[in-house]
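Working notes for the structure below.
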Amino acid sequence: MTEPLLDIKQIDVSFFDVRVLHQIDLKVYPSEIVTVIGPNGAGKSTLLGAIVGFQVPTEGSITFKGQNITGIAPEKTVQLGMTIVPEGARVFTDMTVMDNLKMGSYIKSSRALRSETLEMVFSFFPRLHERMKQKGGTLSGGERQMLAIGRALMSRPSLLLLDEPSLGLAPLLVTKVFETIVQIAATGLTVLLVEQNVHFSLEISQRAYVLENGRMVKDGPSHEIMDNDYIRKSYLAL
Amino acid sequence: MDAVLVQAIINGLLLGGVYAAYSAGFSLIFGVMGVVNLAHGELIMLGAFTSYWLFQFFNLDPYFSAPFAMVFLFSFGYLVQRFILNRVMGLPHIMSYILTFGLHLMVANIAIKIWTHDFRSITTSYSGANAAILGLNIPYARLITFVVALFVTWGLWFFLMKTETGRAIRATAQDKEVARLMGVDIRNIYAITFGLGAAITGLSGAVISPFVIISPEMGLEYTIIAFCVVVLGGMGYIPGALVGGLTLGVAQSLAATYLNAGVSVAITFIILFMMLVIRPTGILGKGNIA
Ligand SMILES: Nc1ncnc2c1ncn2[C@@H]1O[C@H](COP(=O)(O)OP(=O)(O)OP(=O)(O)O)[C@@H](O)[C@H]1O
Ligand SMILES: [Mg+2]
C-alpha cells in the first residue's frame, strides 16, 4: 500500500492533569474517507485538535505528508494542506458570507487561487452564492454548516477534517451534508470525518475507528464495523 | 435658529470630530484584544510632541508632521504589543490593565524627565485665524483638523473592511481560534492592531497640536475622554467612535455655552456614568461588552 497521508502513532493528550486520549493510532491514506465514531465526551474533538495543533500530545507522533507535525501550531498546519470544519461550524457571525470565504483563503498559496476556488465552492453550494452579502450570523444552521465547509475548502487542502458536520441539522439536511462530503471526496480530497451519526458516516466511509473514553476500541473497513454485533447494539440500536 | 446655538453646535461638532479620531484607536484595541489601554492619552501626547519638535527644529507645519507621528507611533505601538502586552494575552484582563497603567506612568514620567513640566504650544501663521461665514466663527485650524479626523476615522474603517489584514483583524476579534485555523498569526495581528490604533491616535495628537496645550502630563485627560466616547459609541465598534465623539463634543459645547466651562467637564462624567448604567452597549447598541 502507499504511504499514509496522515499517520498518528501512539499519542496521549491531556488537559492539565487529566489524560483524555490514550495511545491513539490512526492512519488516513490518500483519497480515503475515514470516519471516527464515538459517544459524547469520547475525545473526538480533542483528537482533531491534536492533529491541527491546538493540543500538543504528551507522547507519540503525528506525521502528515511524511513530515513530523507533532506540536506544530494551527496557523502552520493549515499551510501544509489540512483544514478543519470545527464542531458547530463557527462561522464568523459578524462577517459577510463572502468575507468568511475569503478568510478561508487567507494563506498565500490559496489566495492566488481565490476566484477559481470560489467558483468551485459556489458550484457545491449555490445557496452561498445567493447569500453572499449576508452576515454569517443571519444564516440558518444548515447554511452555516455549508459556509464552514466552503470556508475550509477555500484553503485548497489535501486533507479535510470534519467535526460532526451533521450536528443539529434536520434529517433532510443531514443527507445533503453527507452527499456533499462524498462529492468533495470525489474531487480527490482526503477526508477524516468525526461523527455521532454512525449510520451515515459508516455508509460513506471506507474505514472506521471507534473511540470510547479516549481509547480506540475497534477499527476496520466500515462495512465490517457496521456488521459488528457490538456496534449494532450500542450505536445503531439494532 | 439663534446664532449662539448654531455656533455652539458647530464648535461641538468640530471638537467631536477630533474626539472621534483619537478614540477610534482606543475602540479598535479594545475590540480586538480586550485591552483597555490606560496609556492611550500618552500616545496622543507623543504625537503632539512629534509635531512640536518638528515645528521647532524644521519649522514643519503640524499637518505635515502628521505622517511622521503616524510612523513613529505605529512602530511604538507594534513593539509595545509584541514585547509587552502579548505576554498577558489570554490571561485575565486585569493583567493588561496593570500593564497599560504602568506604561502610562512610565511614558508620562520619562517625558517629564526629558521635556520637563513646561506647557508648550505651537504658533503658526494661521493660529487664531477664523473664517467668518454668515456671522459664525470657524477657526481654520479646527476646521482642517476636523476634516483630517473624519478622513482618518473613515480610513481606518476602510482598511478593516477592505484589506486582507483588516479582514484578518476582524476575524481575530470575533473568534481567535478559528482565525488561527485560517492561518492567521494572531500575535502578529495583535501587534499590527495596536500599531494601527497607536498610529491614528498619534496622528490625532499631531493634528490637534496647533490649538492645544502640549505637556508631558496632558495624556490622562485624553484617556478619560476616549473612554467616554467609546462607551457612548459602543466599545469595539469603530463607527461608534464617530457617533460618540460628535455626541460628546456637542454636549460639552452646549454645556459650556449655556451653563459654564466647569459644568462642561462634569457633563463628560455624568454621561459616562449614565451610559454605563443604562446602556452599556452604546447609543447604537452595537458595543461589545463581553
Ligand atoms: N479545554 C478542555 N479543558 C479540559 N477538559 C477538556 C477540554 N476539552 C475537552 N475536555 C475534556 O476532554 C474529554 C473529551 O472531550 P471532546 O470534546 O474531545 O469529546 P467529543 O468526543 O468531541 O465529544 P462531543 O461528541 O460531545 O463533541 C471530555 O471529558 C472533556 O470534558
Ligand atoms: Mg466534539
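Naming scheme: A, B, ... for chains in displayed order of the C-alpha cells; residues 1 onward per chain; ligands 1 onward as shown.
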Neighbours of chain A in chain B at 10 Å, counting only C-alpha atoms, as a VMD selection string = chain B and resid 161 to 162 164 to 165 167 to 168 170 to 175 177 to 186
Could you pull out the residues sitting within 9 Å of ligand 1, using only C-alpha atoms and all ligand atoms, and write them as a ChimeraX atom specification?
-> /A:14-16,18-21,37-49,87,163-164,194-196,211-214
Keeping N, CA, C and O atoms for every residue in the selection just given, could you write it to a file as a short mmCIF file (atom, residue, chain, number, x, y, z; two decimals), in the first residue's frame?
```
data_model
loop_
_atom_site.label_atom_id
_atom_site.label_comp_id
_atom_site.auth_asym_id
_atom_site.auth_seq_id
_atom_site.Cartn_x
_atom_site.Cartn_y
_atom_site.Cartn_z
N SER A 14 -3.47 15.28 27.12
CA SER A 14 -4.05 15.62 28.43
C SER A 14 -4.47 17.07 28.47
O SER A 14 -3.87 17.92 27.82
N PHE A 15 -5.51 17.35 29.26
CA PHE A 15 -5.82 18.73 29.64
C PHE A 15 -5.38 18.87 31.09
O PHE A 15 -5.93 18.22 31.96
N PHE A 16 -4.42 19.70 31.32
CA PHE A 16 -3.82 19.81 32.65
C PHE A 16 -3.41 18.40 33.11
O PHE A 16 -2.62 17.78 32.44
N VAL A 18 -5.49 15.79 33.48
CA VAL A 18 -6.43 14.74 33.07
C VAL A 18 -6.11 14.24 31.67
O VAL A 18 -6.17 14.99 30.71
N ARG A 19 -5.78 12.95 31.57
CA ARG A 19 -5.49 12.41 30.25
C ARG A 19 -6.81 12.09 29.55
O ARG A 19 -7.68 11.43 30.10
N VAL A 20 -6.95 12.63 28.35
CA VAL A 20 -8.20 12.50 27.60
C VAL A 20 -8.05 11.48 26.47
O VAL A 20 -8.98 10.76 26.14
N LEU A 21 -6.87 11.39 25.88
CA LEU A 21 -6.62 10.40 24.82
C LEU A 21 -5.48 9.49 25.25
O LEU A 21 -4.47 9.95 25.79
N ILE A 37 -15.96 7.31 15.00
CA ILE A 37 -17.23 7.44 15.69
C ILE A 37 -17.03 7.20 17.18
O ILE A 37 -16.04 6.58 17.59
N GLY A 38 -17.95 7.73 17.96
CA GLY A 38 -17.83 7.57 19.41
C GLY A 38 -18.83 8.46 20.10
O GLY A 38 -19.27 9.45 19.54
N PRO A 39 -19.18 8.11 21.36
CA PRO A 39 -20.19 8.89 22.08
C PRO A 39 -19.68 10.25 22.54
O PRO A 39 -18.49 10.54 22.39
N ASN A 40 -20.56 11.05 23.13
CA ASN A 40 -20.18 12.36 23.67
C ASN A 40 -19.04 12.21 24.67
O ASN A 40 -19.05 11.31 25.49
N GLY A 41 -18.09 13.09 24.57
CA GLY A 41 -17.01 13.10 25.55
C GLY A 41 -15.95 12.03 25.33
O GLY A 41 -15.04 11.88 26.15
N ALA A 42 -16.04 11.31 24.21
CA ALA A 42 -15.07 10.24 23.96
C ALA A 42 -13.67 10.79 23.68
O ALA A 42 -12.66 10.15 23.94
N GLY A 43 -13.62 12.01 23.15
CA GLY A 43 -12.33 12.61 22.83
C GLY A 43 -12.15 12.87 21.34
O GLY A 43 -11.03 13.11 20.88
N LYS A 44 -13.26 12.86 20.60
CA LYS A 44 -13.16 13.02 19.14
C LYS A 44 -12.64 14.41 18.76
O LYS A 44 -11.73 14.54 17.94
N SER A 45 -13.22 15.44 19.38
CA SER A 45 -12.77 16.80 19.06
C SER A 45 -11.33 17.01 19.52
O SER A 45 -10.55 17.71 18.86
N THR A 46 -11.01 16.40 20.64
CA THR A 46 -9.63 16.52 21.15
C THR A 46 -8.65 15.91 20.16
O THR A 46 -7.56 16.46 19.93
N LEU A 47 -9.04 14.79 19.55
CA LEU A 47 -8.18 14.15 18.56
C LEU A 47 -7.94 15.08 17.37
O LEU A 47 -6.79 15.28 16.94
N LEU A 48 -9.02 15.68 16.87
CA LEU A 48 -8.86 16.62 15.75
C LEU A 48 -8.03 17.83 16.18
O LEU A 48 -7.20 18.33 15.42
N GLY A 49 -8.25 18.27 17.42
CA GLY A 49 -7.48 19.39 17.96
C GLY A 49 -5.99 19.07 17.99
O GLY A 49 -5.15 19.94 17.72
N GLU A 87 -16.38 21.88 15.13
CA GLU A 87 -17.66 21.50 15.70
C GLU A 87 -18.54 22.74 15.85
O GLU A 87 -18.09 23.77 16.33
N ASP A 163 -15.66 17.97 11.96
CA ASP A 163 -16.08 17.62 13.32
C ASP A 163 -17.60 17.72 13.43
O ASP A 163 -18.15 18.80 13.54
N GLU A 164 -18.25 16.58 13.37
CA GLU A 164 -19.71 16.46 13.49
C GLU A 164 -20.47 17.46 12.63
O GLU A 164 -21.25 18.28 13.15
N VAL A 194 -15.37 13.00 11.77
CA VAL A 194 -15.75 12.62 13.12
C VAL A 194 -17.26 12.77 13.23
O VAL A 194 -17.80 13.79 12.81
N GLU A 195 -17.94 11.76 13.71
CA GLU A 195 -19.40 11.82 13.71
C GLU A 195 -20.03 11.06 14.85
O GLU A 195 -19.46 10.12 15.39
N GLN A 196 -21.24 11.50 15.20
CA GLN A 196 -22.08 10.68 16.07
C GLN A 196 -23.18 10.04 15.26
O GLN A 196 -23.84 9.11 15.71
N LEU A 211 -13.98 5.23 18.89
CA LEU A 211 -13.29 5.84 20.03
C LEU A 211 -14.23 5.88 21.23
O LEU A 211 -15.35 6.39 21.13
N GLU A 212 -13.80 5.30 22.33
CA GLU A 212 -14.61 5.34 23.55
C GLU A 212 -13.71 5.67 24.73
O GLU A 212 -12.66 5.06 24.88
N ASN A 213 -14.15 6.63 25.55
CA ASN A 213 -13.36 7.01 26.72
C ASN A 213 -11.89 7.26 26.43
O ASN A 213 -11.02 6.87 27.21
N GLY A 214 -11.62 7.87 25.29
CA GLY A 214 -10.24 8.21 24.97
C GLY A 214 -9.41 7.06 24.45
O GLY A 214 -8.18 7.21 24.30
#
```
All alpha helix (DSSP H) residues (DSSP, backbone) inside segment 23-211 of chain A, as a PyMOL selection string | chain A and resi 44-52+74-80+97-104+108-111+114-124+126-130+141-153+171-186+198-204
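Here atom CA of Ile8 of chain A stands at a distance of 13.1 Å from atom CA of Thr58 of chain A.
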Have a look at A:Ile33, A:Leu167, A:Ala185, A:Val198 and name the one nearest to ligand 2; count only C-alpha atoms and all ligand atoms.
->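 Under the stated criterion, the closest residue is A:Leu167.
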What is the distance between atom CA of Thr281 of chain B and atom CA of Ile192 of chain B, in Å to one decimal?
-> 25.8 Å
Within 8 Å of segment 142-153 of chain B, counting only C-alpha atoms, which residues qualify if same-chain residues fewer than 5 places away don't, as a list in words?
->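 Listed by chain and then number, they are Leu14, Leu15, Gly17, Val18, Ala20, Ala21, Ala24, Ile200, Ser204, Val207, Ile208, Phe211, Pro239 and Leu242 of chain B.
For the set A:Thr187, A:Ser205, A:Thr180, A:Ser166, the residue with the smallest atom-to-atom gap to ligand 2 is A:Ser166, counting only C-alpha atoms and all ligand atoms.
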Would you return as a list in words the members of segment 42-191 of chain A that DSSP assigns to strand (DSSP E) on this structure's backbone?
->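 Secondary structure check on segment 42-191 of chain A, strand (DSSP E): Glu59, Gly60, Ser61, Ile62, Thr63, Phe64, Gln67, Asn68, Met82, Thr83, Ile84, Val85, Leu159, Leu160, Leu161, Leu162, Asp163, Thr190 and Val191 of chain A.
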With N, CA, C and O atoms retained, write the just-selected residues as a PDB file, in the first residue's frame.
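Below you can see selection-v9.pdb, which holds the result:
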```
ATOM      1  N   GLU A  59       2.753  12.286  24.435  1.00  0.00           N
ATOM      2  CA  GLU A  59       3.509  11.132  23.922  1.00  0.00           C
ATOM      3  C   GLU A  59       3.110  10.902  22.482  1.00  0.00           C
ATOM      4  O   GLU A  59       2.046  11.320  22.050  1.00  0.00           O
ATOM      5  N   GLY A  60       3.965  10.191  21.738  1.00  0.00           N
ATOM      6  CA  GLY A  60       3.607   9.767  20.384  1.00  0.00           C
ATOM      7  C   GLY A  60       3.898  10.824  19.327  1.00  0.00           C
ATOM      8  O   GLY A  60       4.432  11.890  19.639  1.00  0.00           O
ATOM      9  N   SER A  61       3.550  10.503  18.067  1.00  0.00           N
ATOM     10  CA  SER A  61       3.860  11.436  16.988  1.00  0.00           C
ATOM     11  C   SER A  61       2.741  11.491  15.950  1.00  0.00           C
ATOM     12  O   SER A  61       1.958  10.557  15.800  1.00  0.00           O
ATOM     13  N   ILE A  62       2.681  12.630  15.280  1.00  0.00           N
ATOM     14  CA  ILE A  62       1.734  12.813  14.184  1.00  0.00           C
ATOM     15  C   ILE A  62       2.529  13.190  12.939  1.00  0.00           C
ATOM     16  O   ILE A  62       3.327  14.133  12.966  1.00  0.00           O
ATOM     17  N   THR A  63       2.344  12.414  11.866  1.00  0.00           N
ATOM     18  CA  THR A  63       3.053  12.671  10.623  1.00  0.00           C
ATOM     19  C   THR A  63       2.052  13.002   9.533  1.00  0.00           C
ATOM     20  O   THR A  63       1.037  12.330   9.401  1.00  0.00           O
ATOM     21  N   PHE A  64       2.328  14.068   8.780  1.00  0.00           N
ATOM     22  CA  PHE A  64       1.453  14.475   7.682  1.00  0.00           C
ATOM     23  C   PHE A  64       2.310  14.668   6.442  1.00  0.00           C
ATOM     24  O   PHE A  64       3.322  15.381   6.483  1.00  0.00           O
ATOM     25  N   GLN A  67       5.921  14.371   6.955  1.00  0.00           N
ATOM     26  CA  GLN A  67       6.617  15.343   7.797  1.00  0.00           C
ATOM     27  C   GLN A  67       6.074  15.259   9.223  1.00  0.00           C
ATOM     28  O   GLN A  67       4.860  15.182   9.418  1.00  0.00           O
ATOM     29  N   ASN A  68       6.969  15.269  10.191  1.00  0.00           N
ATOM     30  CA  ASN A  68       6.517  15.217  11.584  1.00  0.00           C
ATOM     31  C   ASN A  68       5.891  16.556  11.972  1.00  0.00           C
ATOM     32  O   ASN A  68       6.558  17.589  11.949  1.00  0.00           O
ATOM     33  N   MET A  82      -3.870  21.040   5.437  1.00  0.00           N
ATOM     34  CA  MET A  82      -5.044  20.456   6.086  1.00  0.00           C
ATOM     35  C   MET A  82      -5.913  21.570   6.657  1.00  0.00           C
ATOM     36  O   MET A  82      -5.421  22.613   7.080  1.00  0.00           O
ATOM     37  N   THR A  83      -7.247  21.370   6.595  1.00  0.00           N
ATOM     38  CA  THR A  83      -8.149  22.326   7.235  1.00  0.00           C
ATOM     39  C   THR A  83      -9.223  21.568   7.964  1.00  0.00           C
ATOM     40  O   THR A  83      -9.550  20.442   7.620  1.00  0.00           O
ATOM     41  N   ILE A  84      -9.819  22.253   8.932  1.00  0.00           N
ATOM     42  CA  ILE A  84     -10.872  21.628   9.724  1.00  0.00           C
ATOM     43  C   ILE A  84     -12.166  22.424   9.615  1.00  0.00           C
ATOM     44  O   ILE A  84     -12.144  23.650   9.510  1.00  0.00           O
ATOM     45  N   VAL A  85     -13.280  21.706   9.590  1.00  0.00           N
ATOM     46  CA  VAL A  85     -14.589  22.311   9.779  1.00  0.00           C
ATOM     47  C   VAL A  85     -14.907  22.077  11.248  1.00  0.00           C
ATOM     48  O   VAL A  85     -15.178  20.955  11.651  1.00  0.00           O
ATOM     49  N   LEU A 159      -6.122  17.453   2.897  1.00  0.00           N
ATOM     50  CA  LEU A 159      -6.845  16.692   3.914  1.00  0.00           C
ATOM     51  C   LEU A 159      -7.895  17.587   4.566  1.00  0.00           C
ATOM     52  O   LEU A 159      -7.578  18.665   5.058  1.00  0.00           O
ATOM     53  N   LEU A 160      -9.148  17.114   4.530  1.00  0.00           N
ATOM     54  CA  LEU A 160     -10.237  17.862   5.145  1.00  0.00           C
ATOM     55  C   LEU A 160     -10.703  17.134   6.400  1.00  0.00           C
ATOM     56  O   LEU A 160     -11.068  15.964   6.347  1.00  0.00           O
ATOM     57  N   LEU A 161     -10.676  17.842   7.531  1.00  0.00           N
ATOM     58  CA  LEU A 161     -11.144  17.271   8.791  1.00  0.00           C
ATOM     59  C   LEU A 161     -12.520  17.849   9.086  1.00  0.00           C
ATOM     60  O   LEU A 161     -12.720  19.059   8.974  1.00  0.00           O
ATOM     61  N   LEU A 162     -13.471  16.984   9.440  1.00  0.00           N
ATOM     62  CA  LEU A 162     -14.818  17.476   9.725  1.00  0.00           C
ATOM     63  C   LEU A 162     -15.241  17.005  11.110  1.00  0.00           C
ATOM     64  O   LEU A 162     -15.195  15.813  11.399  1.00  0.00           O
ATOM     65  N   ASP A 163     -15.662  17.968  11.965  1.00  0.00           N
ATOM     66  CA  ASP A 163     -16.078  17.625  13.320  1.00  0.00           C
ATOM     67  C   ASP A 163     -17.604  17.715  13.434  1.00  0.00           C
ATOM     68  O   ASP A 163     -18.155  18.802  13.543  1.00  0.00           O
ATOM     69  N   THR A 190      -8.873  14.044   0.553  1.00  0.00           N
ATOM     70  CA  THR A 190      -8.913  13.011   1.572  1.00  0.00           C
ATOM     71  C   THR A 190      -9.711  13.553   2.752  1.00  0.00           C
ATOM     72  O   THR A 190      -9.569  14.735   3.090  1.00  0.00           O
ATOM     73  N   VAL A 191     -10.562  12.706   3.349  1.00  0.00           N
ATOM     74  CA  VAL A 191     -11.474  13.202   4.376  1.00  0.00           C
ATOM     75  C   VAL A 191     -11.354  12.385   5.662  1.00  0.00           C
ATOM     76  O   VAL A 191     -11.364  11.153   5.624  1.00  0.00           O
TER      77      VAL A 191
END
```
Pick out the residues sitting within 7 Å of Pro30 of chain A, and hand them over as a list in words; count only C-alpha atoms, and ignore anything fewer than 2 positions along from it in its own chain.
-> Pro4, Leu5, Val28, Glu32 and Thr190 of chain A
